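Structure file work.txt (compact mmCIF, N, CA and C atoms) is printed below.
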# COMPACT_ATOMS: atom_id res chain seq x y z
N MET J 321 121.37 167.20 104.57
CA MET J 321 121.55 166.27 105.66
C MET J 321 120.18 165.91 106.23
N ALA J 322 119.68 164.77 105.87
CA ALA J 322 118.38 164.35 106.37
C ALA J 322 118.50 162.94 106.96
N THR J 323 117.61 162.64 107.87
CA THR J 323 117.61 161.34 108.51
C THR J 323 117.10 160.28 107.51
N PRO J 324 117.40 159.02 107.76
CA PRO J 324 116.86 157.96 106.90
C PRO J 324 115.33 157.98 106.85
N ALA J 325 114.68 158.29 107.97
CA ALA J 325 113.22 158.35 107.99
C ALA J 325 112.70 159.44 107.05
N PHE J 326 113.40 160.58 107.03
CA PHE J 326 112.96 161.66 106.14
C PHE J 326 113.22 161.28 104.69
N GLU J 327 114.34 160.63 104.40
CA GLU J 327 114.63 160.20 103.03
C GLU J 327 113.56 159.23 102.55
N GLU J 328 113.08 158.38 103.44
CA GLU J 328 112.01 157.46 103.09
C GLU J 328 110.73 158.22 102.76
N LEU J 329 110.45 159.27 103.52
CA LEU J 329 109.29 160.10 103.25
C LEU J 329 109.40 160.78 101.89
N VAL J 330 110.59 161.27 101.55
CA VAL J 330 110.81 161.89 100.24
C VAL J 330 110.49 160.87 99.14
N GLU J 331 110.95 159.64 99.32
CA GLU J 331 110.66 158.60 98.33
C GLU J 331 109.16 158.33 98.23
N ASP J 332 108.48 158.28 99.37
CA ASP J 332 107.02 158.09 99.36
C ASP J 332 106.34 159.20 98.58
N PHE J 333 106.79 160.44 98.78
CA PHE J 333 106.18 161.58 98.11
C PHE J 333 106.38 161.53 96.60
N GLU J 334 107.48 160.93 96.17
CA GLU J 334 107.73 160.82 94.73
C GLU J 334 106.68 159.95 94.04
N PHE J 335 106.10 159.02 94.79
CA PHE J 335 105.08 158.15 94.22
C PHE J 335 103.68 158.76 94.25
N LEU J 336 103.51 159.79 95.05
CA LEU J 336 102.22 160.46 95.15
C LEU J 336 102.19 161.58 94.12
N GLU J 337 101.35 161.44 93.13
CA GLU J 337 101.42 162.33 91.98
C GLU J 337 100.83 163.71 92.19
N ASP J 338 99.74 163.81 92.94
CA ASP J 338 99.17 165.15 93.09
C ASP J 338 99.22 165.60 94.55
N TRP J 339 99.06 166.90 94.71
CA TRP J 339 99.22 167.47 96.04
C TRP J 339 98.15 166.97 97.00
N GLU J 340 96.96 166.72 96.54
CA GLU J 340 95.90 166.23 97.44
C GLU J 340 96.30 164.90 98.08
N ASP J 341 96.92 164.01 97.30
CA ASP J 341 97.39 162.74 97.86
C ASP J 341 98.50 162.98 98.89
N ARG J 342 99.38 163.90 98.60
CA ARG J 342 100.47 164.23 99.53
C ARG J 342 99.91 164.84 100.81
N TYR J 343 98.94 165.71 100.65
CA TYR J 343 98.29 166.36 101.81
C TYR J 343 97.65 165.30 102.70
N ARG J 344 96.93 164.35 102.09
CA ARG J 344 96.30 163.27 102.85
C ARG J 344 97.36 162.42 103.55
N HIS J 345 98.48 162.21 102.87
CA HIS J 345 99.55 161.41 103.47
C HIS J 345 100.12 162.11 104.71
N VAL J 346 100.30 163.41 104.63
CA VAL J 346 100.79 164.18 105.78
C VAL J 346 99.80 164.06 106.94
N ILE J 347 98.52 164.19 106.65
CA ILE J 347 97.49 164.05 107.69
C ILE J 347 97.54 162.66 108.31
N ASP J 348 97.69 161.63 107.47
CA ASP J 348 97.78 160.26 107.98
C ASP J 348 98.99 160.06 108.88
N LEU J 349 100.09 160.71 108.54
CA LEU J 349 101.29 160.63 109.39
C LEU J 349 100.99 161.19 110.78
N GLY J 350 100.27 162.29 110.82
CA GLY J 350 99.89 162.89 112.09
C GLY J 350 98.97 161.99 112.89
N LYS J 351 98.02 161.38 112.21
CA LYS J 351 97.08 160.48 112.89
C LYS J 351 97.80 159.26 113.47
N ALA J 352 98.89 158.84 112.83
CA ALA J 352 99.62 157.65 113.27
C ALA J 352 100.52 157.90 114.48
N MET J 353 100.75 159.16 114.82
CA MET J 353 101.61 159.46 115.99
C MET J 353 100.89 159.09 117.28
N ASP J 354 101.68 158.68 118.26
CA ASP J 354 101.11 158.48 119.59
C ASP J 354 100.66 159.83 120.13
N PRO J 355 99.55 159.87 120.85
CA PRO J 355 99.09 161.15 121.39
C PRO J 355 100.06 161.69 122.44
N LEU J 356 100.20 163.00 122.47
CA LEU J 356 101.02 163.64 123.49
C LEU J 356 100.20 163.66 124.78
N PRO J 357 100.75 163.10 125.86
CA PRO J 357 99.99 163.07 127.12
C PRO J 357 99.57 164.48 127.56
N GLU J 358 98.38 164.57 128.12
CA GLU J 358 97.84 165.86 128.58
C GLU J 358 98.79 166.60 129.52
N PRO J 359 99.47 165.91 130.46
CA PRO J 359 100.37 166.66 131.35
C PRO J 359 101.52 167.37 130.63
N LEU J 360 101.79 166.99 129.38
CA LEU J 360 102.84 167.66 128.61
C LEU J 360 102.30 168.81 127.75
N ARG J 361 101.00 168.99 127.77
CA ARG J 361 100.38 170.09 127.03
C ARG J 361 100.23 171.29 127.97
N VAL J 362 101.36 171.92 128.21
CA VAL J 362 101.45 173.02 129.17
C VAL J 362 102.05 174.24 128.47
N PRO J 363 101.96 175.41 129.09
CA PRO J 363 102.52 176.61 128.45
C PRO J 363 104.00 176.47 128.06
N ALA J 364 104.78 175.74 128.83
CA ALA J 364 106.20 175.59 128.52
C ALA J 364 106.44 174.83 127.21
N THR J 365 105.52 173.96 126.81
CA THR J 365 105.69 173.19 125.58
C THR J 365 104.88 173.76 124.42
N LYS J 366 104.07 174.78 124.70
CA LYS J 366 103.23 175.38 123.66
C LYS J 366 104.11 176.24 122.74
N VAL J 367 103.85 176.13 121.46
CA VAL J 367 104.61 176.89 120.46
C VAL J 367 103.81 178.12 120.07
N ASP J 368 104.38 179.29 120.30
CA ASP J 368 103.75 180.54 119.89
C ASP J 368 104.01 180.76 118.41
N GLY J 369 103.12 181.48 117.76
CA GLY J 369 103.31 181.80 116.35
C GLY J 369 102.56 180.87 115.42
N CYS J 370 101.83 179.93 115.98
CA CYS J 370 101.04 179.00 115.18
C CYS J 370 99.56 179.40 115.26
N ALA J 371 98.87 179.26 114.14
CA ALA J 371 97.44 179.59 114.14
C ALA J 371 96.66 178.58 114.97
N SER J 372 97.13 177.34 115.02
CA SER J 372 96.47 176.30 115.82
C SER J 372 97.22 176.14 117.14
N GLN J 373 96.64 175.32 117.99
CA GLN J 373 97.31 174.97 119.24
C GLN J 373 98.38 173.94 118.91
N VAL J 374 99.62 174.18 119.33
CA VAL J 374 100.73 173.26 119.05
C VAL J 374 101.59 173.13 120.30
N TRP J 375 101.92 171.88 120.62
CA TRP J 375 102.83 171.59 121.72
C TRP J 375 103.94 170.69 121.22
N LEU J 376 105.18 171.00 121.59
CA LEU J 376 106.33 170.16 121.27
C LEU J 376 107.06 169.85 122.57
N HIS J 377 107.32 168.58 122.80
CA HIS J 377 108.04 168.15 124.00
C HIS J 377 109.29 167.40 123.55
N ALA J 378 110.44 167.96 123.89
CA ALA J 378 111.72 167.37 123.48
C ALA J 378 112.40 166.67 124.64
N GLN J 379 113.13 165.60 124.28
CA GLN J 379 113.97 164.88 125.22
C GLN J 379 115.28 164.55 124.49
N PHE J 380 116.31 164.32 125.25
CA PHE J 380 117.57 163.91 124.67
C PHE J 380 117.92 162.55 125.27
N GLU J 381 117.98 161.56 124.41
CA GLU J 381 118.29 160.20 124.83
C GLU J 381 119.56 159.77 124.12
N GLY J 382 120.56 159.40 124.90
CA GLY J 382 121.82 159.00 124.30
C GLY J 382 122.45 160.09 123.45
N GLY J 383 122.24 161.34 123.85
CA GLY J 383 122.81 162.46 123.11
C GLY J 383 122.08 162.79 121.82
N LYS J 384 120.92 162.23 121.62
CA LYS J 384 120.15 162.46 120.39
C LYS J 384 118.80 163.09 120.73
N LEU J 385 118.33 163.96 119.86
CA LEU J 385 117.04 164.62 120.02
C LEU J 385 115.90 163.65 119.70
N HIS J 386 114.91 163.67 120.55
CA HIS J 386 113.65 162.95 120.30
C HIS J 386 112.55 163.86 120.80
N PHE J 387 111.64 164.22 119.92
CA PHE J 387 110.54 165.05 120.37
C PHE J 387 109.21 164.48 119.90
N ASP J 388 108.22 164.78 120.68
CA ASP J 388 106.85 164.43 120.36
C ASP J 388 106.07 165.73 120.30
N GLY J 389 104.89 165.66 119.74
CA GLY J 389 104.09 166.87 119.67
C GLY J 389 102.64 166.56 119.41
N ALA J 390 101.87 167.60 119.45
CA ALA J 390 100.43 167.49 119.19
C ALA J 390 99.91 168.83 118.72
N SER J 391 98.79 168.76 118.02
CA SER J 391 98.09 169.97 117.58
C SER J 391 96.61 169.67 117.52
N ASP J 392 95.82 170.74 117.57
CA ASP J 392 94.38 170.57 117.42
C ASP J 392 93.96 170.59 115.95
N ALA J 393 94.91 170.74 115.05
CA ALA J 393 94.63 170.73 113.61
C ALA J 393 95.30 169.51 112.98
N MET J 394 94.53 168.77 112.17
CA MET J 394 95.06 167.53 111.60
C MET J 394 96.28 167.75 110.72
N ILE J 395 96.27 168.77 109.88
CA ILE J 395 97.41 169.00 109.00
C ILE J 395 98.64 169.38 109.81
N VAL J 396 98.46 170.14 110.88
CA VAL J 396 99.59 170.54 111.71
C VAL J 396 100.16 169.33 112.44
N SER J 397 99.31 168.43 112.89
CA SER J 397 99.80 167.19 113.49
C SER J 397 100.66 166.44 112.47
N GLY J 398 100.22 166.44 111.23
CA GLY J 398 101.01 165.81 110.17
C GLY J 398 102.35 166.50 109.96
N LEU J 399 102.34 167.83 110.04
CA LEU J 399 103.60 168.57 109.89
C LEU J 399 104.56 168.26 111.05
N ILE J 400 104.00 168.07 112.24
CA ILE J 400 104.82 167.66 113.38
C ILE J 400 105.46 166.30 113.09
N ALA J 401 104.68 165.39 112.54
CA ALA J 401 105.21 164.07 112.18
C ALA J 401 106.35 164.20 111.16
N VAL J 402 106.18 165.09 110.19
CA VAL J 402 107.22 165.32 109.19
C VAL J 402 108.48 165.87 109.86
N LEU J 403 108.31 166.84 110.76
CA LEU J 403 109.47 167.41 111.46
C LEU J 403 110.16 166.36 112.34
N ARG J 404 109.40 165.47 112.92
CA ARG J 404 109.99 164.38 113.70
C ARG J 404 110.88 163.53 112.80
N MET J 405 110.42 163.25 111.59
CA MET J 405 111.22 162.47 110.64
C MET J 405 112.49 163.21 110.25
N LEU J 406 112.40 164.53 110.19
CA LEU J 406 113.54 165.35 109.78
C LEU J 406 114.58 165.49 110.90
N PHE J 407 114.13 165.64 112.15
CA PHE J 407 115.05 165.98 113.23
C PHE J 407 115.30 164.89 114.27
N ASN J 408 114.33 164.01 114.52
CA ASN J 408 114.53 163.02 115.58
C ASN J 408 115.73 162.11 115.27
N GLY J 409 116.51 161.88 116.29
CA GLY J 409 117.69 161.03 116.16
C GLY J 409 118.97 161.77 115.86
N LEU J 410 118.87 163.10 115.70
CA LEU J 410 120.07 163.89 115.44
C LEU J 410 120.68 164.37 116.75
N ALA J 411 121.99 164.53 116.75
CA ALA J 411 122.67 165.14 117.88
C ALA J 411 122.31 166.63 117.90
N PRO J 412 122.30 167.25 119.07
CA PRO J 412 121.94 168.67 119.14
C PRO J 412 122.71 169.55 118.15
N ALA J 413 124.01 169.31 117.99
CA ALA J 413 124.80 170.13 117.08
C ALA J 413 124.40 169.93 115.62
N GLU J 414 123.85 168.77 115.29
CA GLU J 414 123.43 168.49 113.92
C GLU J 414 122.12 169.19 113.56
N VAL J 415 121.28 169.41 114.55
CA VAL J 415 119.96 170.01 114.31
C VAL J 415 120.10 171.36 113.61
N GLY J 416 121.02 172.19 114.09
CA GLY J 416 121.21 173.51 113.51
C GLY J 416 121.77 173.50 112.10
N LYS J 417 122.35 172.39 111.69
CA LYS J 417 122.93 172.28 110.35
C LYS J 417 121.93 171.86 109.30
N VAL J 418 120.76 171.42 109.73
CA VAL J 418 119.73 170.98 108.78
C VAL J 418 119.10 172.21 108.12
N ASP J 419 119.11 172.24 106.80
CA ASP J 419 118.43 173.30 106.06
C ASP J 419 116.98 172.86 105.90
N ALA J 420 116.19 173.15 106.93
CA ALA J 420 114.81 172.66 106.97
C ALA J 420 114.00 173.16 105.78
N LYS J 421 114.19 174.39 105.38
CA LYS J 421 113.43 174.94 104.25
C LYS J 421 113.72 174.14 102.98
N ALA J 422 114.98 173.85 102.74
CA ALA J 422 115.35 173.08 101.54
C ALA J 422 114.83 171.65 101.63
N GLU J 423 114.98 171.04 102.80
CA GLU J 423 114.52 169.66 102.95
C GLU J 423 113.01 169.56 102.77
N LEU J 424 112.27 170.46 103.40
CA LEU J 424 110.81 170.45 103.25
C LEU J 424 110.41 170.80 101.82
N GLY J 425 111.23 171.61 101.16
CA GLY J 425 110.99 171.94 99.76
C GLY J 425 111.03 170.70 98.88
N ARG J 426 111.81 169.71 99.27
CA ARG J 426 111.87 168.45 98.51
C ARG J 426 110.51 167.74 98.52
N LEU J 427 109.69 168.06 99.52
CA LEU J 427 108.35 167.48 99.60
C LEU J 427 107.31 168.35 98.90
N GLY J 428 107.70 169.54 98.50
CA GLY J 428 106.76 170.46 97.87
C GLY J 428 105.90 171.20 98.87
N LEU J 429 106.26 171.14 100.15
CA LEU J 429 105.43 171.78 101.16
C LEU J 429 105.44 173.30 101.04
N ASN J 430 106.56 173.86 100.64
CA ASN J 430 106.67 175.32 100.57
C ASN J 430 105.63 175.93 99.64
N ASP J 431 105.26 175.19 98.61
CA ASP J 431 104.34 175.72 97.60
C ASP J 431 102.87 175.52 97.93
N HIS J 432 102.58 174.71 98.96
CA HIS J 432 101.19 174.32 99.17
C HIS J 432 100.63 174.62 100.56
N LEU J 433 101.39 175.31 101.36
CA LEU J 433 100.89 175.68 102.69
C LEU J 433 100.47 177.14 102.69
N SER J 434 99.43 177.45 103.42
CA SER J 434 99.01 178.84 103.54
C SER J 434 100.09 179.63 104.28
N ALA J 435 100.01 180.94 104.21
CA ALA J 435 100.99 181.78 104.90
C ALA J 435 100.97 181.52 106.40
N GLN J 436 99.77 181.33 106.97
CA GLN J 436 99.67 181.05 108.41
C GLN J 436 100.33 179.73 108.76
N ARG J 437 100.08 178.69 107.95
CA ARG J 437 100.68 177.38 108.21
C ARG J 437 102.20 177.45 108.05
N SER J 438 102.67 178.19 107.05
CA SER J 438 104.11 178.34 106.85
C SER J 438 104.75 179.05 108.04
N ASN J 439 104.09 180.08 108.56
CA ASN J 439 104.60 180.77 109.75
C ASN J 439 104.65 179.83 110.95
N GLY J 440 103.61 179.04 111.12
CA GLY J 440 103.57 178.08 112.21
C GLY J 440 104.66 177.03 112.07
N LEU J 441 104.89 176.57 110.85
CA LEU J 441 105.95 175.59 110.60
C LEU J 441 107.31 176.19 110.96
N ARG J 442 107.54 177.44 110.58
CA ARG J 442 108.80 178.11 110.94
C ARG J 442 108.94 178.23 112.45
N ALA J 443 107.84 178.52 113.14
CA ALA J 443 107.88 178.63 114.60
C ALA J 443 108.23 177.29 115.24
N MET J 444 107.69 176.20 114.70
CA MET J 444 108.02 174.88 115.24
C MET J 444 109.49 174.55 115.01
N ILE J 445 109.99 174.86 113.82
CA ILE J 445 111.41 174.59 113.51
C ILE J 445 112.30 175.41 114.44
N GLU J 446 111.93 176.66 114.65
CA GLU J 446 112.72 177.52 115.54
C GLU J 446 112.74 176.96 116.96
N ARG J 447 111.60 176.48 117.44
CA ARG J 447 111.55 175.88 118.79
C ARG J 447 112.47 174.66 118.88
N ILE J 448 112.44 173.83 117.85
CA ILE J 448 113.29 172.63 117.83
C ILE J 448 114.76 173.04 117.86
N ARG J 449 115.11 174.03 117.06
CA ARG J 449 116.51 174.49 117.02
C ARG J 449 116.94 175.10 118.36
N GLU J 450 116.07 175.90 118.95
CA GLU J 450 116.40 176.51 120.24
C GLU J 450 116.60 175.45 121.31
N THR J 451 115.74 174.46 121.33
CA THR J 451 115.85 173.38 122.31
C THR J 451 117.15 172.62 122.11
N ALA J 452 117.49 172.32 120.88
CA ALA J 452 118.74 171.60 120.60
C ALA J 452 119.95 172.45 120.98
N ALA J 453 119.89 173.74 120.69
CA ALA J 453 121.02 174.63 121.00
C ALA J 453 121.27 174.70 122.50
N GLN J 454 120.22 174.64 123.28
CA GLN J 454 120.39 174.68 124.74
C GLN J 454 121.07 173.41 125.24
N GLU J 455 120.89 172.32 124.53
CA GLU J 455 121.47 171.04 124.92
C GLU J 455 122.90 170.89 124.43
N ALA J 456 123.22 171.59 123.31
CA ALA J 456 124.53 171.43 122.66
C ALA J 456 125.67 171.96 123.53

I need this file expressed as structure tokens, please.
Amino acid sequence: MATPAFEELVEDFEFLEDWEDRYRHVIDLGKAMDPLPEPLRVPATKVDGCASQVWLHAQFEGGKLHFDGASDAMIVSGLIAVLRMLFNGLAPAEVGKVDAKAELGRLGLNDHLSAQRSNGLRAMIERIRETAAQEA
């Protein structure tokens, strides 16, 4: 169960033949995000368990999850953009049904992230799920 935006990303990745191109694409996705305003970069939005500084700010509009985020690491900003494509627009109850590991595996991310980045990615997914569960 993936959003149309994530399905489009999967298609984009199919055209990128090597991991370096995919890695650059993820970084570009992060660069294309609107910056998270400084007032939202507070301890309440900070994600623990990430090697870099990461903030996720969630809102629910029309019963659907919409979150923004930021990181001090370019690749992590890109991962936030990928997670936005995976989860934004879903109802809170749908968020918990997404098999994030399998969906991200379709992009080959599981095989190419360091252990620290993988742990940080799991921490971000857990924060998104916890936020959605509180709203459900």

Requested in this report: Any chance you could list, as number ranges by chain, the residues in range 393-423 of chain J that come up helix (DSSP H, G or I) when DSSP is run on the backbone?
Outcome: J: 394-407, 412-415, 420-423

Give me the residues of range 405-427 of chain J that have any atom at most 10 Å from an atom of range 432-448 of chain J; for each, the nearest atom pair and the distance in Å, rounded to one decimal. Use only C-alpha atoms, sort by chain and number, and format it as a Markdown table.
| residue | atom | partner | partner_atom | distance |
| --- | --- | --- | --- | --- |
| J:Phe407 | CA | J:Ile448 | CA | 8.3 |
| J:Asn408 | CA | J:Ile448 | CA | 9.9 |
| J:Pro412 | CA | J:Ile448 | CA | 9.6 |
| J:Val415 | CA | J:Ile448 | CA | 8.0 |
| J:Gly416 | CA | J:Ile448 | CA | 9.1 |
| J:Ala420 | CA | J:Ile445 | CA | 7.6 |
| J:Lys421 | CA | J:Arg442 | CA | 8.7 |
| J:Leu427 | CA | J:His432 | CA | 9.9 |

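Between atom N of Phe333 in chain J and atom C of Glu414 in chain J the interatomic distance comes to 23.0 Å.
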
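Residues lying within 7 Å of (110.0, 166.2, 122.2). Counted over only N, CA and C atoms, they are Leu376, His377, Ala378, Gln379, Leu385, His386, Phe387, Asp388 and Gly389 of chain J.
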
Report task. Tell me, as number ranges by chain, which residues lie within 5 Å of Gln373 in chain J, counting only N, CA and C atoms; anything in the same chain fewer than 2 positions away does not count. Result -> J: 371, 375, 391-392
